[in-house]
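Notes to accompany the following structure.
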Amino acid sequence: MKPVEQRFCFNGQASRINSDCKVAATSPTGEQVRADADRVQPRDHIVKTAEIQRGTGRGAPQRRRSAAKTWLQAIALTARLETQPHRLFADIVEEWAQRQPDRPALLSDGQSFTYGELTARINRYARWARGLGLHAGRTVCLLMPNRPDYLACWLGISSVGGTVALINTRLVGRSLAHCIDVAHADHLILASDCVDAFESARPHLERVPQSWTLGTGDPSGDLDAALAAFEPRPLSSTERGDVTIDGRALLVYTSGTTGLAKAANISHRRILSWGGWFAGLTDATTNDRLYDCLPLHHSVGGIAAPCSMLCAGASVVIAEKFSAGSFWDDIERFDCTVFQYIGELCRYLLKAPASERKARHGLRLAVGNGLRGDIWEVFASRFAIPQILEFYAATEGNFSLFNVEGKPGAIGRIPPVLAHRFPASIVKVDVDSGNPLRSDAGLCVACATGETGEAVGRIGGAGRGGAPFEGYTDPAETAKKILRNVFAEGDAWFRTGDLMLRDEQGYLHFIDRVGDTFRWKGENVATSEVNDAIRDCPGVLDASTYGVAVSGADGRAGMAALVVDQRFDFGIFREQLSYRLPRYAVPAFVRLCRSLDATDTFKQKKQRLIREGFDPSVVGDPLFLRDPVTGDYRSIDRAVYARIVAGEIRL
């Protein structure tokens with residue numbers, strides 16, 4: 001490992017940064033290296049009911065740096081990626097394995113790896129991939145539930161130039177076949193848990209890749225046996241080949257909330273950048289343990305979260321899936337110091353039955369995205385979370401935001417010193433069409449403070465007026481995300497599809513997705529704001545808000561699909577919403593559902609709800625209309641529906 005990485009990855013000391021934001025680093029001293037070695041713990045084998053050897057002591061003082069030092073640390077860990085173009089993330093893991101081979105790297109109930117074991121597993125995967133000719137331009141799909149071997153697999157294959165497509169394990173049939181097809185995969189790795197799902201997709205595949213199975217015992221394509229035949233020693237530079245940080249390492253799929261999923265290109269550069277940024281922002285050290293219950297096939301749960309800890313020589317606890325009932329037990333049992341969240345996960349924890357263990361945890365930090373302002377302080381207070389690091393990022397996006405100061409409800413801000421590194425802006429858009437508004441000169445119009453618009457990020461090269469947009473496997477889909485002639489003729493910006501506003505302090509706030517916000521009674525209605533208010537009503541277990549077309553009316557009327565329990569009362573519901581929302585934002589229609597469709601990261605799927613609208617001949621669930629005079633909600637039958645369509649009932 002080169003001196004700069006040794007200093008910033010291992011001992012976490014802040015660096016000197018000159019006026020050009022360049023890092024001045026020195027090599028660690030002999031005393032520092034010996035001190036690091038003294039902290040290395042013995043081998044830590046984990047079984048389901050065994051006591052976990054603790055990486056931190058109870059009652060250890062909580063670390064809390066200033067915002068300036070946090071930014072400096074993140075800059076330090078990512079400032080010199082360009083100077084080592086052949087150093088990949090697998091190399092970082094190997095360097096840590098040389099220093100601390102027996103320290104836990106990846107932990108779970110069913111499988112665990114020390115750093116030494118993880119590196120050996122990565123090398124076996126790399127040699128296997130090399131033997132198959134999985135070099136640059138060749139792809140293997142990975143269909144495996146959350147487990148430590150997941151990371152070893154893609155780290156190994158990508159280290160010799162292959163691309164690994166991370167497939168959603170919840171997909172079946174045509175949806176699964178689509179994801180395999182768009183990856184143009186030559187090979188497919190199947191865990192035993194996913195064999196049936198693949199068989200449901202096989203008839204729909206354009207081309208069936210060669211299958212390799214793990215844990216099935218089937219001698220045909222037995223990957224366990226194939227890996228065992230390869231040596232675990234590190235590969236030489238000749239064996240590795242000319243793989244650089246600009247090469248494609250992964251395909252990560254969008255959630256597909258509005259159609260078939262798209263496969264986003266993820267380079268080695270982005271993996272290194274995500275790992276370094278989050279290692280610095282979280283102040284990660286070798287004593288940390290991060291609890292990761294998010295899907296490993298997504299960018300946050302599978303790349304940003306684990307790579308941030310592996311970059312710092314820390315440990316990652318991998319849960320197969322999120323469970324509100326076992327969450328706090330796991331946090332205490334594994335002695336976690338950090339956990340990765342998404343906003344809906346926090347809501348589920350707040351609604352879960354009280355647990356004594358929630359007060360006995362050793363957490364110092366929660367890091368994630370989507371924690372809305374309406375529950376931020378309640379969540380932090382109830383569960384005694386010392387610090388929350390909220391961020392904004394998109395899998396395919398070319399910029400990120402970080403709320404280092406911990407301002408409730410904000411998704412981050414860009415310090416002036418980093419404006420050149422994160423060139424982002426907010427432009428005015430037409431709510432109905434979703435198209436950007438243009439000036440007489442044909443350029444986009446920037447939003448003023450307090451105005452809502454779409455966030456965009458300037459596309460450029462590293463350090464050259466922006467950041468790259470790596471796009472999708474489909475060039476046509478890539479082109480749709482690029483906005484041209486934004487502030488100057490010929491410039492190009494990435495469209496996030498997210499509506500935001502900047503407050504007077506420079507913090508950015510997420511408002512809604514473009515297309516989710518709708519216009520009613522001449523006003524813009526943000527579905528996320530309405531949903532926050534609805535979910536606070538007694539008896540509401542889940543909610544999804546959207547706009548529906550009404551014959552003879554301009555815009556779209558608000559409609560809410562609710563999952564409720566016996567505590568729900570329409571009178572209380574109406575009263576609370578009248579206090580929280582302006583009249584035009586209170587849903588005109590309500591649909592009571594048994595459950596709501598969502599992705600595996602809890603993003604709501606609204607398209608079916610929007611298509612079905614409030615027609616009782618199409619919808620089997622109970623439907624209700626808000627009386628425009630009294631405000632009471634009344635049942636919709638076919639006669640009432642006909643009167644609405646005929647314009648006899650004016651909303």
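Naming scheme: A, B, ... for chains in displayed order of the structure tokens; residues 1 onward per chain; ligands 1 onward as shown.
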Between region 478-533 of chain A and region 570-587 of chain A, at 8 Å or less, what are the per-residue closest atom pairs and their distances in Å? Count only C-alpha atoms, order by chain and rising residue number, and return it as CSV.
```
residue,atom,partner,partner_atom,distance
A:Trp520,CA,A:Tyr584,CA,6.7
A:Lys521,CA,A:Tyr584,CA,6.4
A:Glu523,CA,A:Tyr584,CA,7.4
A:Val525,CA,A:Ala585,CA,5.9
A:Val530,CA,A:Ala585,CA,6.9
A:Ala533,CA,A:Arg580,CA,6.4
```
Just to be explicit: take each residue in the selection above, keep all heavy atoms, and write the result as a CSV table (one decimal), in the first residue's frame.
```csv
chain,number,residue,atom,x,y,z
A,520,TRP,N,-53.0,20.6,-8.7
A,520,TRP,CA,-54.4,20.5,-8.4
A,520,TRP,C,-54.9,21.9,-7.9
A,520,TRP,O,-54.2,22.4,-7.0
A,520,TRP,CB,-54.7,19.4,-7.5
A,520,TRP,CG,-56.2,19.2,-7.1
A,520,TRP,CD1,-56.7,19.3,-5.9
A,520,TRP,CD2,-57.2,18.8,-8.0
A,520,TRP,NE1,-58.1,19.0,-5.9
A,520,TRP,CE2,-58.4,18.7,-7.2
A,520,TRP,CE3,-57.3,18.4,-9.3
A,520,TRP,CZ2,-59.6,18.3,-7.8
A,520,TRP,CZ3,-58.5,18.1,-9.9
A,520,TRP,CH2,-59.6,18.0,-9.1
A,521,LYS,N,-56.0,22.4,-8.4
A,521,LYS,CA,-56.5,23.6,-8.0
A,521,LYS,C,-55.5,24.8,-8.1
A,521,LYS,O,-55.4,25.7,-7.3
A,521,LYS,CB,-57.0,23.6,-6.5
A,521,LYS,CG,-58.0,22.5,-6.2
A,521,LYS,CD,-59.4,22.8,-6.8
A,521,LYS,CE,-60.4,21.9,-6.4
A,521,LYS,NZ,-61.7,22.1,-7.0
A,523,GLU,N,-52.3,24.6,-7.8
A,523,GLU,CA,-51.2,24.4,-6.8
A,523,GLU,C,-50.5,23.1,-7.1
A,523,GLU,O,-51.1,22.1,-7.5
A,523,GLU,CB,-51.8,24.4,-5.4
A,523,GLU,CG,-52.5,25.7,-5.0
A,523,GLU,CD,-51.6,26.9,-4.7
A,523,GLU,OE1,-50.4,26.7,-4.7
A,523,GLU,OE2,-52.2,28.0,-4.5
A,525,VAL,N,-48.8,19.9,-5.6
A,525,VAL,CA,-48.9,19.0,-4.5
A,525,VAL,C,-47.8,18.0,-4.5
A,525,VAL,O,-47.6,17.2,-5.4
A,525,VAL,CB,-50.3,18.3,-4.5
A,525,VAL,CG1,-50.4,17.4,-3.3
A,525,VAL,CG2,-51.4,19.3,-4.6
A,530,VAL,N,-47.6,14.9,1.6
A,530,VAL,CA,-48.9,14.4,2.0
A,530,VAL,C,-48.8,13.1,2.7
A,530,VAL,O,-49.5,12.8,3.7
A,530,VAL,CB,-49.9,14.3,0.7
A,530,VAL,CG1,-51.2,13.7,1.1
A,530,VAL,CG2,-50.1,15.7,0.1
A,533,ALA,N,-47.8,13.3,6.3
A,533,ALA,CA,-49.0,13.7,7.2
A,533,ALA,C,-49.9,12.5,7.4
A,533,ALA,O,-50.4,12.3,8.5
A,533,ALA,CB,-49.7,14.9,6.6
```
Which parts of region 64-276 of chain A does DSSP call alpha helix (DSSP H) when run on the backbone here, written out as JSON, numbers by chain?
-> {"A": [67, 68, 69, 70, 71, 72, 73, 74, 75, 76, 77, 78, 89, 90, 91, 92, 93, 94, 95, 96, 97, 98, 99, 115, 116, 117, 118, 119, 120, 121, 122, 123, 124, 125, 126, 127, 128, 129, 130, 131, 132, 148, 149, 150, 151, 152, 153, 154, 155, 156, 157, 158, 159, 173, 174, 175, 176, 177, 178, 179, 180, 181, 182, 195, 196, 197, 198, 199, 200, 201, 223, 224, 225, 226, 227, 228, 237, 238, 239, 240, 268, 269, 270, 271, 272, 273, 274, 275, 276]}
Could you pull out all residues of region 202-279 of chain A with a DSSP call of strand (DSSP E) and give them as a count of residues only?
-> 16
Would you mind listing, for every residue of region 122-166 of chain A within 10 Å of region 90-94 of chain A, the two atoms forming the shortest contact and the distance between them in Å to one decimal, using only C-alpha atoms, sorted by chain and ascending residue number, as JSON lines?
```
{"residue": "A:Ile122", "atom": "CA", "partner": "A:Ala90", "partner_atom": "CA", "distance": 7.6}
{"residue": "A:Asn123", "atom": "CA", "partner": "A:Ala90", "partner_atom": "CA", "distance": 9.1}
{"residue": "A:Ala152", "atom": "CA", "partner": "A:Ala90", "partner_atom": "CA", "distance": 9.0}
{"residue": "A:Trp154", "atom": "CA", "partner": "A:Ala90", "partner_atom": "CA", "distance": 9.6}
{"residue": "A:Leu155", "atom": "CA", "partner": "A:Ala90", "partner_atom": "CA", "distance": 5.8}
{"residue": "A:Gly156", "atom": "CA", "partner": "A:Ala90", "partner_atom": "CA", "distance": 7.1}
{"residue": "A:Ile157", "atom": "CA", "partner": "A:Ala90", "partner_atom": "CA", "distance": 9.9}
{"residue": "A:Ser158", "atom": "CA", "partner": "A:Ala90", "partner_atom": "CA", "distance": 8.7}
{"residue": "A:Ser159", "atom": "CA", "partner": "A:Ala90", "partner_atom": "CA", "distance": 6.5}
```
Resulting file, chosen residues, C-alpha atoms, as a PDB file, in the first residue's frame:
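again.pdb written:
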```
ATOM      1  CA  ILE A 122     -11.607 -13.149  -3.514  1.00  0.00           C
ATOM      2  CA  ASN A 123      -8.481 -14.647  -5.088  1.00  0.00           C
ATOM      3  CA  ALA A 152     -16.141 -11.918  -2.233  1.00  0.00           C
ATOM      4  CA  TRP A 154     -17.979  -9.607  -7.218  1.00  0.00           C
ATOM      5  CA  LEU A 155     -14.713  -8.303  -5.787  1.00  0.00           C
ATOM      6  CA  GLY A 156     -12.861 -11.293  -7.208  1.00  0.00           C
ATOM      7  CA  ILE A 157     -14.440 -11.420 -10.659  1.00  0.00           C
ATOM      8  CA  SER A 158     -14.224  -7.664 -11.220  1.00  0.00           C
ATOM      9  CA  SER A 159     -10.559  -7.586 -10.146  1.00  0.00           C
TER      10      SER A 159
END
```
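Candidate residues A:Tyr125, A:Trp277, A:Tyr472, A:Phe510 were compared for distance to Leu227 (chain A), and the nearest is A:Tyr125, using only C-alpha atoms.
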Give me the residues near Ile636 (chain A) as a PDB file with all heavy atoms, in the first residue's frame, where near means some atom within 6 Å (using only C-alpha atoms) and where sequence neighbours in that chain fewer than 2 positions away do not count.
```pdb
ATOM      1  N   LEU A 623     -63.579   2.178  -1.697  1.00  0.00           N
ATOM      2  CA  LEU A 623     -63.192   3.494  -2.196  1.00  0.00           C
ATOM      3  C   LEU A 623     -64.042   4.569  -1.524  1.00  0.00           C
ATOM      4  O   LEU A 623     -65.228   4.359  -1.244  1.00  0.00           O
ATOM      5  CB  LEU A 623     -63.399   3.569  -3.711  1.00  0.00           C
ATOM      6  CG  LEU A 623     -62.515   2.660  -4.574  1.00  0.00           C
ATOM      7  CD1 LEU A 623     -63.038   2.606  -6.000  1.00  0.00           C
ATOM      8  CD2 LEU A 623     -61.067   3.148  -4.549  1.00  0.00           C
ATOM      9  N   PHE A 624     -63.415   5.740  -1.304  1.00  0.00           N
ATOM     10  CA  PHE A 624     -64.109   6.817  -0.610  1.00  0.00           C
ATOM     11  C   PHE A 624     -63.795   8.154  -1.280  1.00  0.00           C
ATOM     12  O   PHE A 624     -62.693   8.366  -1.790  1.00  0.00           O
ATOM     13  CB  PHE A 624     -63.696   6.864   0.862  1.00  0.00           C
ATOM     14  CG  PHE A 624     -64.017   5.605   1.617  1.00  0.00           C
ATOM     15  CD1 PHE A 624     -63.120   4.540   1.620  1.00  0.00           C
ATOM     16  CD2 PHE A 624     -65.220   5.473   2.298  1.00  0.00           C
ATOM     17  CE1 PHE A 624     -63.414   3.365   2.302  1.00  0.00           C
ATOM     18  CE2 PHE A 624     -65.520   4.304   2.978  1.00  0.00           C
ATOM     19  CZ  PHE A 624     -64.615   3.248   2.982  1.00  0.00           C
ATOM     20  N   VAL A 640     -72.233   6.840  -7.651  1.00  0.00           N
ATOM     21  CA  VAL A 640     -71.438   8.017  -7.279  1.00  0.00           C
ATOM     22  C   VAL A 640     -70.337   8.242  -8.306  1.00  0.00           C
ATOM     23  O   VAL A 640     -70.063   9.386  -8.717  1.00  0.00           O
ATOM     24  CB  VAL A 640     -70.853   7.845  -5.865  1.00  0.00           C
ATOM     25  CG1 VAL A 640     -69.866   8.962  -5.561  1.00  0.00           C
ATOM     26  CG2 VAL A 640     -71.967   7.801  -4.827  1.00  0.00           C
TER      27      VAL A 640
END
```
